[in-house]
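> My structure file work_26.cif, mmCIF, C-alpha atoms, is below:
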```
data_final
loop_
_atom_site.label_atom_id
_atom_site.label_comp_id
_atom_site.auth_asym_id
_atom_site.auth_seq_id
_atom_site.Cartn_x
_atom_site.Cartn_y
_atom_site.Cartn_z
CA MET A 23 -12.42 -39.11 6.58
CA ARG A 24 -14.79 -37.14 4.46
CA ARG A 25 -12.83 -37.87 1.35
CA LEU A 26 -13.09 -41.58 2.01
CA ALA A 27 -16.81 -41.26 2.42
CA TRP A 28 -17.21 -39.41 -0.89
CA LYS A 29 -15.13 -41.96 -2.62
CA SER A 30 -17.20 -44.85 -1.48
CA LYS A 31 -20.37 -42.99 -2.37
CA ASP A 32 -19.50 -41.41 -5.71
CA ALA A 33 -16.81 -43.50 -7.22
CA GLY A 34 -18.24 -46.92 -7.48
CA PRO A 35 -16.39 -49.27 -9.77
CA GLY A 36 -19.18 -49.17 -12.35
CA THR A 37 -19.00 -45.40 -12.72
CA VAL A 38 -15.28 -45.43 -13.12
CA ALA A 39 -15.38 -48.10 -15.76
CA GLN A 40 -18.15 -46.39 -17.72
CA ARG A 41 -16.47 -43.00 -17.91
CA GLY A 42 -12.93 -44.21 -18.28
CA GLU A 43 -11.78 -42.06 -15.40
CA THR A 44 -9.53 -44.60 -13.82
CA MET A 45 -6.48 -42.37 -13.96
CA TRP A 46 -8.20 -39.42 -12.31
CA MET A 47 -9.82 -41.47 -9.64
CA ALA A 48 -6.49 -43.09 -8.94
CA THR A 49 -5.08 -39.76 -7.85
CA GLY A 50 -7.16 -40.12 -4.75
CA ARG A 51 -9.58 -37.30 -5.48
CA GLY A 52 -13.16 -38.10 -4.88
CA GLY A 53 -16.15 -36.26 -6.26
CA ASP A 54 -17.29 -32.86 -5.08
CA PRO A 55 -19.61 -32.34 -2.17
CA GLY A 56 -23.10 -31.01 -2.72
CA ALA A 57 -24.23 -27.40 -2.75
CA GLY A 58 -24.68 -27.07 1.01
CA GLU A 59 -21.20 -28.28 1.82
CA THR A 60 -19.76 -26.15 -0.97
CA LEU A 61 -21.42 -23.04 0.41
CA ARG A 62 -19.96 -23.81 3.81
CA GLY A 63 -16.57 -24.06 2.09
CA VAL A 64 -17.05 -20.64 0.45
CA PHE A 65 -17.93 -19.17 3.83
CA LEU A 66 -14.87 -20.81 5.39
CA ILE A 67 -12.51 -19.40 2.75
CA VAL A 68 -13.96 -15.91 3.04
CA VAL A 69 -13.76 -15.88 6.82
CA ALA A 70 -10.22 -17.28 6.78
CA GLY A 71 -9.23 -14.62 4.24
CA LEU A 72 -10.74 -11.83 6.33
CA VAL A 73 -8.96 -13.08 9.44
CA LEU A 74 -5.62 -13.52 7.67
CA GLY A 75 -5.77 -10.16 5.92
CA GLY A 76 -6.92 -8.43 9.08
CA SER A 77 -4.24 -9.90 11.26
CA PHE A 78 -1.53 -9.26 8.68
CA ASN A 79 -2.54 -5.61 8.53
CA ALA A 80 -2.86 -5.36 12.31
CA LEU A 81 0.63 -6.82 12.72
CA GLY A 82 1.94 -4.38 10.14
CA LEU A 83 0.36 -1.40 11.87
CA ALA A 84 1.74 -2.54 15.23
CA SER A 85 5.29 -3.08 14.00
CA ARG A 86 7.99 -0.42 13.89
CA PRO A 87 8.19 1.31 11.53
CA PRO A 88 4.52 0.70 10.91
CA HIS A 89 3.40 -0.48 7.53
CA GLY A 90 -0.05 -1.38 6.44
CA LEU A 91 -3.16 0.57 5.75
CA ALA A 92 -5.57 2.51 7.89
CA TRP A 93 -8.66 0.37 8.35
CA VAL A 94 -11.03 2.81 6.85
CA ALA A 95 -10.06 5.45 4.34
CA ALA A 96 -9.78 8.64 6.33
CA ALA A 97 -12.98 10.49 5.67
CA ASP A 98 -11.53 13.04 3.32
CA THR A 99 -11.47 16.58 4.55
CA THR A 100 -12.88 17.25 1.13
CA ARG A 101 -15.64 19.55 2.18
CA SER A 102 -13.52 21.97 4.16
CA LEU A 103 -10.91 21.79 1.44
CA GLU A 104 -13.50 22.68 -1.13
CA ALA A 105 -14.41 25.76 0.85
CA LEU A 106 -10.74 26.64 1.08
CA GLN A 107 -10.35 25.95 -2.60
CA ALA A 108 -13.19 28.29 -3.46
CA ALA A 109 -11.76 31.10 -1.35
CA THR A 110 -8.12 30.75 -2.27
CA LEU A 111 -8.69 29.93 -5.90
CA THR A 112 -10.63 33.13 -6.40
CA ALA A 113 -7.65 34.98 -5.05
CA ILE A 114 -5.22 33.13 -7.27
CA VAL A 115 -7.25 33.36 -10.43
CA ASP A 116 -8.08 37.01 -9.88
CA SER A 117 -4.42 37.79 -9.58
CA VAL A 118 -3.84 36.44 -13.08
CA PRO A 119 -4.52 38.83 -15.94
CA PRO A 120 -7.10 37.30 -18.25
CA ALA A 121 -5.11 37.87 -21.43
CA ALA A 122 -1.61 37.81 -20.10
CA GLY A 123 -0.05 36.25 -23.15
CA VAL A 124 3.55 35.16 -23.03
CA ILE A 125 5.58 37.16 -20.58
CA PRO A 126 9.33 36.79 -20.44
CA PRO A 127 10.50 35.80 -16.97
CA GLN A 128 12.74 38.87 -16.57
CA GLU A 129 9.84 41.16 -17.14
CA VAL A 130 7.82 39.31 -14.57
CA ARG A 131 10.55 39.48 -11.98
CA THR A 132 11.04 43.24 -12.33
CA ALA A 133 7.37 44.03 -12.59
CA ALA A 134 6.08 47.01 -10.73
CA GLU A 135 4.42 46.46 -7.44
CA PRO A 136 0.77 47.26 -7.91
CA PRO A 137 -0.13 50.63 -6.47
CA PRO A 138 -2.29 50.73 -3.38
CA PRO A 139 -5.97 50.00 -4.03
CA SER A 140 -7.05 53.61 -3.61
CA LEU A 141 -4.79 54.79 -6.42
CA SER A 142 -5.31 51.83 -8.66
CA ALA A 143 -9.07 51.93 -8.81
CA PRO A 144 -9.32 54.48 -11.65
CA SER A 145 -6.22 53.26 -13.44
CA SER A 146 -7.42 49.70 -13.61
CA ARG A 147 -9.84 50.54 -16.42
CA ARG A 148 -7.50 52.39 -18.70
CA PRO A 149 -4.93 50.95 -21.07
CA SER A 150 -1.61 52.14 -19.71
CA ALA A 151 -0.01 53.04 -23.03
CA GLU A 152 -2.77 55.29 -24.35
CA PRO A 153 -2.98 58.99 -23.70
CA SER A 154 -5.36 59.75 -20.92
CA GLY A 155 -8.92 60.30 -21.95
CA PRO A 156 -11.42 62.72 -20.46
CA ALA A 157 -12.35 60.17 -17.84
CA ALA A 158 -8.80 60.05 -16.57
CA LEU A 159 -8.59 63.84 -16.60
CA SER A 160 -11.77 64.26 -14.70
CA GLU A 161 -10.58 61.79 -12.14
CA GLY A 162 -7.48 63.84 -11.59
CA ARG A 163 -4.99 61.26 -12.71
CA PRO A 164 -1.54 62.06 -11.34
CA SER A 165 0.45 63.22 -14.39
CA ALA A 166 3.82 62.60 -12.86
CA GLN A 167 3.24 58.92 -12.53
CA ALA A 168 6.31 56.92 -13.34
CA PRO A 169 6.10 54.56 -16.29
CA ASP A 170 5.37 50.99 -15.51
CA GLY A 171 8.37 49.10 -14.31
CA ALA A 172 10.59 52.12 -13.77
CA SER A 173 9.81 52.69 -10.14
CA ALA A 174 9.94 49.00 -9.72
CA ALA A 175 9.60 47.61 -6.32
CA PRO A 176 10.78 44.02 -6.30
CA ALA A 177 8.07 41.59 -7.26
CA PRO A 178 6.55 39.86 -4.29
CA THR A 179 8.15 36.48 -4.04
CA VAL A 180 6.01 33.44 -3.58
CA THR A 181 5.78 33.15 0.14
CA ALA A 182 3.94 30.92 2.50
CA THR A 183 0.88 32.90 3.35
CA ARG A 184 -2.06 31.69 5.31
CA PRO A 185 -5.18 31.54 3.16
CA ALA A 186 -6.94 34.10 5.27
CA ARG A 187 -4.25 36.65 4.46
CA VAL A 188 -4.54 36.30 0.74
CA SER A 189 -6.08 39.51 -0.47
CA ARG A 190 -7.10 40.32 -3.99
CA PRO A 191 -4.62 42.68 -5.56
CA PRO A 192 -7.11 44.82 -7.45
CA ALA A 193 -4.72 46.50 -9.85
CA LEU A 194 -3.09 43.39 -11.20
CA THR A 195 -5.66 42.98 -13.92
CA SER A 196 -4.34 46.05 -15.71
CA VAL A 197 -0.62 45.65 -15.17
CA PRO A 198 0.70 43.63 -18.07
CA ALA A 199 3.76 42.28 -16.26
CA ALA A 200 2.21 41.24 -12.99
CA PRO A 201 4.16 39.10 -10.61
CA PRO A 202 3.25 35.44 -10.53
CA PRO A 203 0.29 34.70 -8.29
CA VAL A 204 0.94 34.09 -4.65
CA ILE A 205 0.05 30.54 -3.76
CA PRO A 206 -1.35 30.17 -0.26
CA ASP A 207 -0.19 27.54 2.16
CA VAL A 208 -3.12 25.12 2.40
CA PRO A 209 -3.36 21.66 3.93
CA GLY A 210 -4.43 19.99 0.71
CA PRO A 211 -3.94 20.09 -3.03
CA LEU A 212 -5.38 23.06 -4.89
CA THR A 213 -6.45 22.71 -8.48
CA ILE A 214 -5.36 25.43 -10.88
CA GLU A 215 -6.18 26.36 -14.44
CA LEU A 216 -3.90 26.70 -17.42
CA ALA A 217 -3.50 30.47 -17.15
CA THR A 218 -2.29 30.22 -13.57
CA LEU A 219 0.09 27.41 -14.43
CA LYS A 220 1.48 29.31 -17.39
CA ARG A 221 2.21 32.40 -15.34
CA LEU A 222 3.90 30.43 -12.60
CA TYR A 223 5.79 28.41 -15.22
CA ASP A 224 7.00 31.45 -17.13
CA ALA A 225 8.21 33.06 -13.93
CA ASP A 226 9.98 29.81 -12.98
CA ALA A 227 8.06 30.14 -9.74
CA VAL A 228 6.90 26.55 -9.60
CA MET A 229 8.25 23.02 -9.62
CA VAL A 230 6.40 20.97 -12.21
CA ILE A 231 6.01 17.22 -11.66
CA ASP A 232 4.69 14.68 -14.14
CA ALA A 233 2.86 11.94 -12.21
CA ARG A 234 2.62 9.53 -15.12
CA ALA A 235 4.70 6.44 -15.81
CA ALA A 236 8.20 6.93 -17.21
CA ASP A 237 7.31 5.84 -20.74
CA GLU A 238 4.41 8.28 -20.95
CA TYR A 239 6.70 11.01 -19.64
CA ALA A 240 9.28 10.17 -22.28
CA ALA A 241 6.65 10.40 -25.00
CA GLY A 242 6.07 14.07 -24.21
CA HIS A 243 5.93 16.23 -21.10
CA ILE A 244 5.88 19.86 -20.06
CA ALA A 245 9.38 21.12 -20.76
CA GLY A 246 11.39 21.18 -17.56
CA ALA A 247 9.01 18.94 -15.63
CA LEU A 248 10.37 16.27 -13.35
CA ASN A 249 8.97 12.75 -13.50
CA LEU A 250 7.66 11.15 -10.32
CA PRO A 251 5.22 8.35 -11.17
CA TYR A 252 2.61 7.94 -8.46
CA ASN A 253 3.38 4.26 -7.97
CA ASP A 254 7.08 5.00 -7.54
CA ALA A 255 6.34 7.69 -5.00
CA LEU A 256 4.16 5.25 -3.13
CA ALA A 257 6.83 2.56 -3.16
CA GLU A 258 9.80 4.81 -2.42
CA PRO A 259 9.03 7.59 0.05
CA ALA A 260 12.69 8.62 -0.25
CA ARG A 261 12.01 9.98 -3.72
CA VAL A 262 9.34 12.26 -2.31
CA ALA A 263 11.66 13.35 0.48
CA ARG A 264 14.38 14.19 -2.06
CA LEU A 265 12.16 16.64 -3.91
CA ASP A 266 13.46 20.13 -3.35
CA PRO A 267 11.13 22.76 -4.78
CA ARG A 268 13.42 25.54 -3.46
CA GLY A 269 10.60 27.33 -1.72
CA ARG A 270 8.34 27.21 -4.75
CA PRO A 271 4.95 25.55 -4.91
CA ILE A 272 4.68 22.20 -6.68
CA VAL A 273 2.37 21.62 -9.63
CA VAL A 274 1.43 18.02 -10.39
CA TYR A 275 -0.18 16.93 -13.63
CA CYS A 276 -0.92 13.76 -15.57
CA ASP A 277 -2.91 12.92 -18.68
CA GLY A 278 -5.87 15.15 -18.15
CA GLY A 279 -9.41 13.92 -18.52
CA THR A 280 -10.17 11.30 -15.90
CA CYS A 281 -6.54 10.66 -15.03
CA GLU A 282 -6.34 10.64 -11.25
CA LEU A 283 -2.63 10.11 -10.80
CA SER A 284 -1.97 13.81 -10.30
CA MET A 285 -4.48 14.20 -7.47
CA ASP A 286 -3.24 10.97 -5.86
CA LEU A 287 0.37 12.13 -6.03
CA ALA A 288 -0.57 15.59 -4.79
CA LYS A 289 -2.30 14.09 -1.76
CA LEU A 290 0.76 11.94 -1.14
CA LEU A 291 3.00 15.00 -1.31
CA VAL A 292 0.79 16.86 1.13
CA GLU A 293 0.79 13.86 3.47
CA SER A 294 4.56 13.75 3.35
CA GLY A 295 4.74 17.33 4.53
CA LYS A 296 4.86 19.34 1.33
CA ARG A 297 2.78 22.50 1.32
CA ARG A 298 1.40 24.53 -1.54
CA VAL A 299 0.78 21.55 -3.77
CA LEU A 300 -1.18 22.35 -6.90
CA VAL A 301 -2.88 20.08 -9.39
CA TYR A 302 -3.28 21.03 -13.01
CA GLU A 303 -6.23 18.80 -13.83
CA ARG A 304 -6.35 19.26 -17.58
CA GLY A 305 -2.89 17.77 -17.66
CA ILE A 306 -0.63 17.28 -20.63
CA ALA A 307 -3.64 17.36 -22.96
CA GLY A 308 -4.55 20.89 -21.91
CA TRP A 309 -0.95 22.07 -22.06
CA GLU A 310 -0.39 20.59 -25.49
CA ALA A 311 -3.67 21.95 -26.83
CA ALA A 312 -2.53 25.44 -25.87
CA GLY A 313 0.65 24.91 -27.88
CA TYR A 314 3.03 25.43 -24.98
CA ALA A 315 6.50 23.97 -24.76
CA LEU A 316 6.80 20.21 -24.66
CA ALA A 317 9.92 18.13 -24.19
CA HIS A 318 10.51 14.51 -25.08
CA GLY A 319 12.72 11.77 -23.80
CA PRO A 320 13.43 10.29 -20.40
CA GLU A 321 14.13 12.40 -17.35
CA PRO A 322 17.78 13.43 -17.17
CA GLY A 323 19.51 11.19 -14.67
CA ALA A 324 16.65 8.72 -14.57
CA ARG A 325 17.42 5.11 -13.97
CA PRO A 326 16.89 2.95 -17.06
CA MET B 19 -18.32 -29.28 -30.31
CA SER B 20 -20.04 -31.87 -28.24
CA ARG B 21 -16.66 -33.45 -27.62
CA ILE B 22 -15.36 -30.16 -26.25
CA LEU B 23 -18.43 -29.85 -24.04
CA ALA B 24 -17.99 -33.42 -22.89
CA PHE B 25 -14.35 -32.80 -22.06
CA VAL B 26 -14.88 -29.58 -20.12
CA SER B 27 -17.59 -31.20 -18.07
CA SER B 28 -15.50 -34.30 -17.41
CA PRO B 29 -13.41 -34.55 -14.26
CA PRO B 30 -10.13 -33.95 -16.12
CA GLY B 31 -11.57 -30.86 -17.79
CA ILE B 32 -12.91 -29.54 -14.52
CA ARG B 33 -9.65 -30.30 -12.75
CA ILE B 34 -7.61 -28.47 -15.40
CA SER B 35 -9.92 -25.44 -15.30
CA ARG B 36 -9.64 -25.37 -11.52
CA ILE B 37 -5.85 -25.34 -11.65
CA ALA B 38 -5.91 -22.65 -14.32
CA VAL B 39 -8.29 -20.42 -12.35
CA GLY B 40 -6.29 -21.16 -9.21
CA LEU B 41 -3.08 -19.97 -10.83
CA VAL B 42 -4.81 -16.80 -12.02
CA MET B 43 -6.12 -16.15 -8.50
CA LEU B 44 -2.69 -16.80 -6.98
CA ALA B 45 -1.00 -14.43 -9.42
CA ALA B 46 -3.58 -11.73 -8.72
CA ALA B 47 -3.31 -12.24 -4.97
CA LEU B 48 0.48 -12.22 -4.76
CA ALA B 49 0.72 -9.08 -6.88
CA LYS B 50 -1.62 -7.18 -4.58
CA ILE B 51 -0.94 -8.60 -1.16
CA GLY B 52 2.15 -6.49 -0.46
CA GLY B 53 0.76 -3.15 -1.55
CA PRO B 54 -2.66 -2.54 -0.07
CA ALA B 55 -2.23 1.22 -0.36
CA SER B 56 -1.90 1.27 -4.12
CA PHE B 57 -4.64 -1.34 -4.45
CA ALA B 58 -6.93 0.86 -2.36
CA ALA B 59 -6.20 3.77 -4.68
CA GLN B 60 -7.06 1.61 -7.67
CA ILE B 61 -10.31 0.50 -6.08
CA ARG B 62 -11.14 4.15 -5.51
CA HIS B 63 -10.54 4.91 -9.16
CA PHE B 64 -13.33 2.55 -10.14
CA ARG B 65 -15.66 4.93 -8.28
CA MET B 66 -18.04 2.17 -7.24
CA LEU B 67 -17.74 2.34 -3.47
CA PRO B 68 -18.33 5.15 -1.02
CA ASP B 69 -15.27 6.42 0.85
CA GLY B 70 -14.29 4.10 3.66
CA PRO B 71 -14.75 0.44 2.74
CA GLU B 72 -12.15 0.49 -0.01
CA ASN B 73 -9.34 0.15 2.52
CA LEU B 74 -10.94 -2.87 4.18
CA LEU B 75 -11.42 -4.43 0.79
CA ALA B 76 -7.83 -3.74 -0.18
CA ILE B 77 -6.62 -5.32 3.05
CA THR B 78 -8.65 -8.51 2.83
CA LEU B 79 -9.47 -9.22 -0.81
CA PRO B 80 -5.95 -10.35 -1.82
CA TRP B 81 -5.95 -12.85 1.04
CA ILE B 82 -9.28 -14.30 0.02
CA GLU B 83 -7.93 -14.60 -3.52
CA LEU B 84 -4.81 -16.28 -2.17
CA LEU B 85 -6.77 -18.87 -0.19
CA ALA B 86 -9.10 -19.55 -3.10
CA GLY B 87 -6.14 -19.98 -5.44
CA LEU B 88 -4.37 -22.34 -3.06
CA ALA B 89 -7.50 -24.39 -2.57
CA LEU B 90 -8.08 -24.65 -6.33
CA VAL B 91 -4.53 -25.69 -7.11
CA ALA B 92 -4.32 -28.13 -4.21
CA GLY B 93 -7.76 -29.56 -4.84
CA VAL B 94 -8.90 -29.08 -1.27
CA ARG B 95 -12.43 -27.73 -1.08
CA ALA B 96 -11.85 -26.94 -4.71
CA ARG B 97 -15.48 -26.54 -5.70
CA ALA B 98 -16.09 -24.00 -2.95
CA ALA B 99 -13.02 -22.08 -4.09
CA ALA B 100 -14.25 -22.29 -7.67
CA TRP B 101 -17.64 -20.83 -6.69
CA LEU B 102 -15.87 -18.06 -4.85
CA SER B 103 -13.61 -17.34 -7.83
CA LEU B 104 -16.63 -17.30 -10.10
CA GLY B 105 -18.31 -14.75 -7.87
CA LEU B 106 -15.19 -12.61 -7.59
CA MET B 107 -14.62 -12.69 -11.34
CA ALA B 108 -18.25 -11.70 -11.91
CA VAL B 109 -17.79 -8.68 -9.64
CA PHE B 110 -14.48 -7.74 -11.29
CA THR B 111 -16.02 -8.03 -14.73
CA LEU B 112 -18.90 -5.79 -13.66
CA ALA B 113 -16.39 -3.30 -12.28
CA VAL B 114 -14.43 -3.22 -15.52
CA GLY B 115 -17.63 -3.02 -17.52
CA GLN B 116 -19.00 -0.06 -15.60
CA ALA B 117 -15.65 1.73 -15.77
CA LEU B 118 -15.61 1.19 -19.50
CA GLY B 119 -19.20 2.35 -19.81
CA ARG B 120 -18.45 5.52 -17.88
CA GLY B 121 -15.35 6.15 -19.91
CA LEU B 122 -12.93 6.05 -16.99
CA ASP B 123 -9.33 5.89 -18.14
CA ILE B 124 -7.86 3.99 -15.21
CA GLU B 125 -5.45 1.24 -14.40
CA CYS B 126 -7.12 -2.11 -13.93
CA GLY B 127 -5.21 -3.01 -10.80
CA CYS B 128 -6.21 -6.59 -11.47
CA PHE B 129 -2.68 -7.86 -11.00
CA GLY B 130 -1.31 -5.15 -8.77
CA THR B 131 0.76 -2.17 -9.79
CA ALA B 132 3.20 -4.20 -11.87
CA ASP B 133 0.40 -4.66 -14.36
CA ALA B 134 -0.11 -1.27 -15.90
CA SER B 135 -2.82 -2.44 -18.27
CA ARG B 136 -5.64 0.01 -18.59
CA VAL B 137 -9.30 -0.77 -18.36
CA GLY B 138 -10.50 -1.43 -21.88
CA THR B 139 -12.26 -3.83 -24.17
CA SER B 140 -9.40 -6.31 -24.15
CA LYS B 141 -9.44 -6.33 -20.36
CA LEU B 142 -13.17 -6.99 -20.44
CA LEU B 143 -12.72 -9.90 -22.87
CA GLN B 144 -9.92 -11.29 -20.73
CA ASN B 145 -12.18 -11.15 -17.70
CA LEU B 146 -15.02 -12.83 -19.58
CA ALA B 147 -12.67 -15.63 -20.66
CA ILE B 148 -11.56 -16.24 -17.08
CA LEU B 149 -15.21 -16.09 -16.08
CA VAL B 150 -16.05 -18.93 -18.50
CA VAL B 151 -13.18 -21.08 -17.21
CA ALA B 152 -14.27 -20.33 -13.63
CA TRP B 153 -17.77 -21.43 -14.54
CA ILE B 154 -16.43 -24.75 -15.83
CA ALA B 155 -14.34 -25.07 -12.68
CA SER B 156 -17.41 -24.58 -10.52
CA GLN B 157 -19.20 -27.58 -12.04
CA ARG B 158 -19.61 -30.60 -9.86
CA SER B 159 -17.03 -33.22 -10.52
CA ARG B 160 -18.10 -36.75 -9.60
#
```
Let's see the structure in the file written out as structure tokens.

Amino acid sequence: MRRLAWKSKDAGPGTVAQRGETMWMATGRGGDPGAGETLRGVFLIVVAGLVLGGSFNALGLASRPPHGLAWVAAADTTRSLEALQAATLTAIVDSVPPAAGVIPPQEVRTAAEPPPPSLSAPSSRRPSAEPSGPAALSEGRPSAQAPDGASAAPAPTVTATRPARVSRPPALTSVPAAPPPVIPDVPGPLTIELATLKRLYDADAVMVIDARAADEYAAGHIAGALNLPYNDALAEPARVARLDPRGRPIVVYCDGGTCELSMDLAKLLVESGKRRVLVYERGIAGWEAAGYALAHGPEPGARP
Amino acid sequence: MSRILAFVSSPPGIRISRIAVGLVMLAAALAKIGGPASFAAQIRHFRMLPDGPENLLAITLPWIELLAGLALVAGVRARAAAWLSLGLMAVFTLAVGQALGRGLDIECGCFGTADASRVGTSKLLQNLAILVVAWIASQRSR
């Protein structure tokens, strides 16, 4: 009805003849309505879109298995996680010697258990290979101490420890072949620095995952890293379920800089039940800048 | 030049721009409609919204785009749909512009996850071009 009205109003024969629009008018389209009617149309489309999108999502959430999206992004537990991060990260970072250098994995695995804190306090300030100075003598250093690594207790394996139980091992800073840091079991991704990653990596005590797209992975990745692009993980939860870190923590990385894929994937892993998920935020850029091992080419066994 | 201007403001020109913008809106909508979760993540990466509304936006925006695209292509309430597309494109262009200005290296998410194009100058130019066509499409056709 409305279209007929427009046509009679806007498309008089004179207008059509003047503009030579016979063909277009013949398609049955009239002119446009004015601004008021157009605004009503905009409103109509927006409301219809909101209703359609809302009901589609509601249907999805109600169906089994549910699909769809929570209505409002769950208010991140960011603040409590940050507190956790501060506490646990101090523990992790402190357990990493500042200038550890490259440590062969065997050495790490057979490293001596740090002595109890009471014994280690004086020894933590002396280089272990040098003859004892006057300070050590005056402190009554036990002369019959076994050389490092000989009385080796097995290195503590990476175990699921509650954050509250993570204690600072005070002597680790002076033992050159310290065991890899113990990663606590926290309900969210922890960010780690290069030194921590390197120690875990050298001890093969971590599963490394590249969260970037397959072509970026092929162009260069941390040697031994698996490739799980965030979008793939989102689309195929089975690929996340198939990940088997063999009791080790998982480190996720991407480009570095403002790349957010690693944190997104880490959150996804945590949501799907993985614990001890770490994010190396400086990503491949930080790893490459340090000159550590890169590998190229697609993931072995990856689909083309 | 004046001929071009005359054509784009003529009913055929407006009609063609509307169909073009409609197809763009349809493509964008269909790419995003099935994966609200990844779209929500991409919205978050633009760092323009506080936590919370991005999910609602990810749920509803593709449907609004879909309706606008359908209306433009079918020519039903086409001018309203063209106004809406113009507004949406303006917001998207602002989003890309601010991401570029802040140096965010993120996926555009403009056409869903299948489109891995990053936010960059070419994306901004592409958006501006669509914006111009949407402006033509929003003119009143008599």
> At what distance in Å, to one decimal, does CA of Lys296 in chain A lie from CA of Ile272 in chain A?
8.5 Å
> Mind pulling up the distance from CA of Ala288 in chain A to CA of Cys276 in chain A?
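Taking CA of Cys276 in chain A as the start and CA of Ala288 in chain A as the end point, the length is 10.9 Å.
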> What do you get, as a PDB file with C-alpha atoms, in the frame of the given file, if you spell out every residue that the PyMOL selection byres ((chain A) within 6 of (chain B)) selects here?

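File written: expr-v8.pdb
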```
ATOM      1  CA  GLY A  53     -16.150 -36.260  -6.260  1.00  0.00           C
ATOM      2  CA  ASP A  54     -17.290 -32.860  -5.080  1.00  0.00           C
ATOM      3  CA  THR A  60     -19.760 -26.150  -0.970  1.00  0.00           C
ATOM      4  CA  GLY A  63     -16.570 -24.060   2.090  1.00  0.00           C
ATOM      5  CA  VAL A  64     -17.050 -20.640   0.450  1.00  0.00           C
ATOM      6  CA  VAL A  68     -13.960 -15.910   3.040  1.00  0.00           C
ATOM      7  CA  GLY A  71      -9.230 -14.620   4.240  1.00  0.00           C
ATOM      8  CA  LEU A  72     -10.740 -11.830   6.330  1.00  0.00           C
ATOM      9  CA  GLY A  75      -5.770 -10.160   5.920  1.00  0.00           C
ATOM     10  CA  TRP A  93      -8.660   0.370   8.350  1.00  0.00           C
ATOM     11  CA  VAL A  94     -11.030   2.810   6.850  1.00  0.00           C
ATOM     12  CA  ALA A  95     -10.060   5.450   4.340  1.00  0.00           C
ATOM     13  CA  THR A 280     -10.170  11.300 -15.900  1.00  0.00           C
TER      14      THR A 280
END
```
> What is the CA of His318 in chain A to CA of Tyr239 in chain A distance in Å?
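Taking CA of His318 in chain A as the start and CA of Tyr239 in chain A as the end point, the length is 7.5 Å.
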> Quick one: everything within 10 Å of Phe110 in chain B, counting only C-alpha atoms, minus sequence neighbours fewer than 3 positions away in the same chain. Send it as a list in words.
Leu104, Gly105, Leu106, Met107, Ala113, Val114, Gly115, Gln116, Cys126, Cys128, Leu142, Asn145, Leu146 and Leu149 of chain B
> Mind telling me what the PyMOL selection byres ((chain A and resi 293) around 12) catches here, as a PyMOL selection string?
chain A and resi 208-211+255-256+259+262-263+286-292+294-299
> Write out, as a JSON list (two decimals), in the frame of the given file, the residues just selected, with C-alpha atoms.

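Generated file (selection.json):
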```json
[["chain", "number", "residue", "atom", "x", "y", "z"],
["A", 208, "VAL", "CA", -3.12, 25.12, 2.40],
["A", 209, "PRO", "CA", -3.36, 21.66, 3.93],
["A", 210, "GLY", "CA", -4.43, 19.99, 0.71],
["A", 211, "PRO", "CA", -3.94, 20.09, -3.03],
["A", 255, "ALA", "CA", 6.34, 7.69, -5.00],
["A", 256, "LEU", "CA", 4.16, 5.25, -3.13],
["A", 259, "PRO", "CA", 9.03, 7.59, 0.05],
["A", 262, "VAL", "CA", 9.34, 12.26, -2.31],
["A", 263, "ALA", "CA", 11.66, 13.35, 0.48],
["A", 286, "ASP", "CA", -3.24, 10.97, -5.86],
["A", 287, "LEU", "CA", 0.37, 12.13, -6.03],
["A", 288, "ALA", "CA", -0.57, 15.59, -4.79],
["A", 289, "LYS", "CA", -2.30, 14.09, -1.76],
["A", 290, "LEU", "CA", 0.76, 11.94, -1.14],
["A", 291, "LEU", "CA", 3.00, 15.00, -1.31],
["A", 292, "VAL", "CA", 0.79, 16.86, 1.13],
["A", 294, "SER", "CA", 4.56, 13.75, 3.35],
["A", 295, "GLY", "CA", 4.74, 17.33, 4.53],
["A", 296, "LYS", "CA", 4.86, 19.34, 1.33],
["A", 297, "ARG", "CA", 2.78, 22.50, 1.32],
["A", 298, "ARG", "CA", 1.40, 24.53, -1.54],
["A", 299, "VAL", "CA", 0.78, 21.55, -3.77]]
```
> Residues at most 10 Å from Val26 in chain B, counting only C-alpha atoms, excluding those fewer than 6 positions away in the same chain, as a list in words?
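Using only C-alpha atoms, the neighbours found are Ser20, Ile32, Arg33, Ile34, Ser35, Val151, Ile154, Ala155 and Gln157 of chain B.
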> Write out the residues from the selection above, keeping C-alpha atoms, as a PDB file, in the frame of the given file.

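Contents of out_26.pdb, freshly written:
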```
ATOM      1  CA  SER B  20     -20.040 -31.870 -28.240  1.00  0.00           C
ATOM      2  CA  ILE B  32     -12.910 -29.540 -14.520  1.00  0.00           C
ATOM      3  CA  ARG B  33      -9.650 -30.300 -12.750  1.00  0.00           C
ATOM      4  CA  ILE B  34      -7.610 -28.470 -15.400  1.00  0.00           C
ATOM      5  CA  SER B  35      -9.920 -25.440 -15.300  1.00  0.00           C
ATOM      6  CA  VAL B 151     -13.180 -21.080 -17.210  1.00  0.00           C
ATOM      7  CA  ILE B 154     -16.430 -24.750 -15.830  1.00  0.00           C
ATOM      8  CA  ALA B 155     -14.340 -25.070 -12.680  1.00  0.00           C
ATOM      9  CA  GLN B 157     -19.200 -27.580 -12.040  1.00  0.00           C
TER      10      GLN B 157
END
```
> Restricting the calculation to all atoms listed in the file: of A:Leu248, A:Ala260, A:Met285, A:Leu219, which residue gets closest to Gly319 in chain A?
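The answer is A:Leu248, which sits nearest to Gly319 in chain A.
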> Need the shell around Asn79 in chain A: protein/DNA/RNA residues with any atom at most 6 Å away, counting only C-alpha atoms. Skip same-chain ones fewer than 3 positions apart. Format as a ChimeraX atom specification?
/A:76,82,90
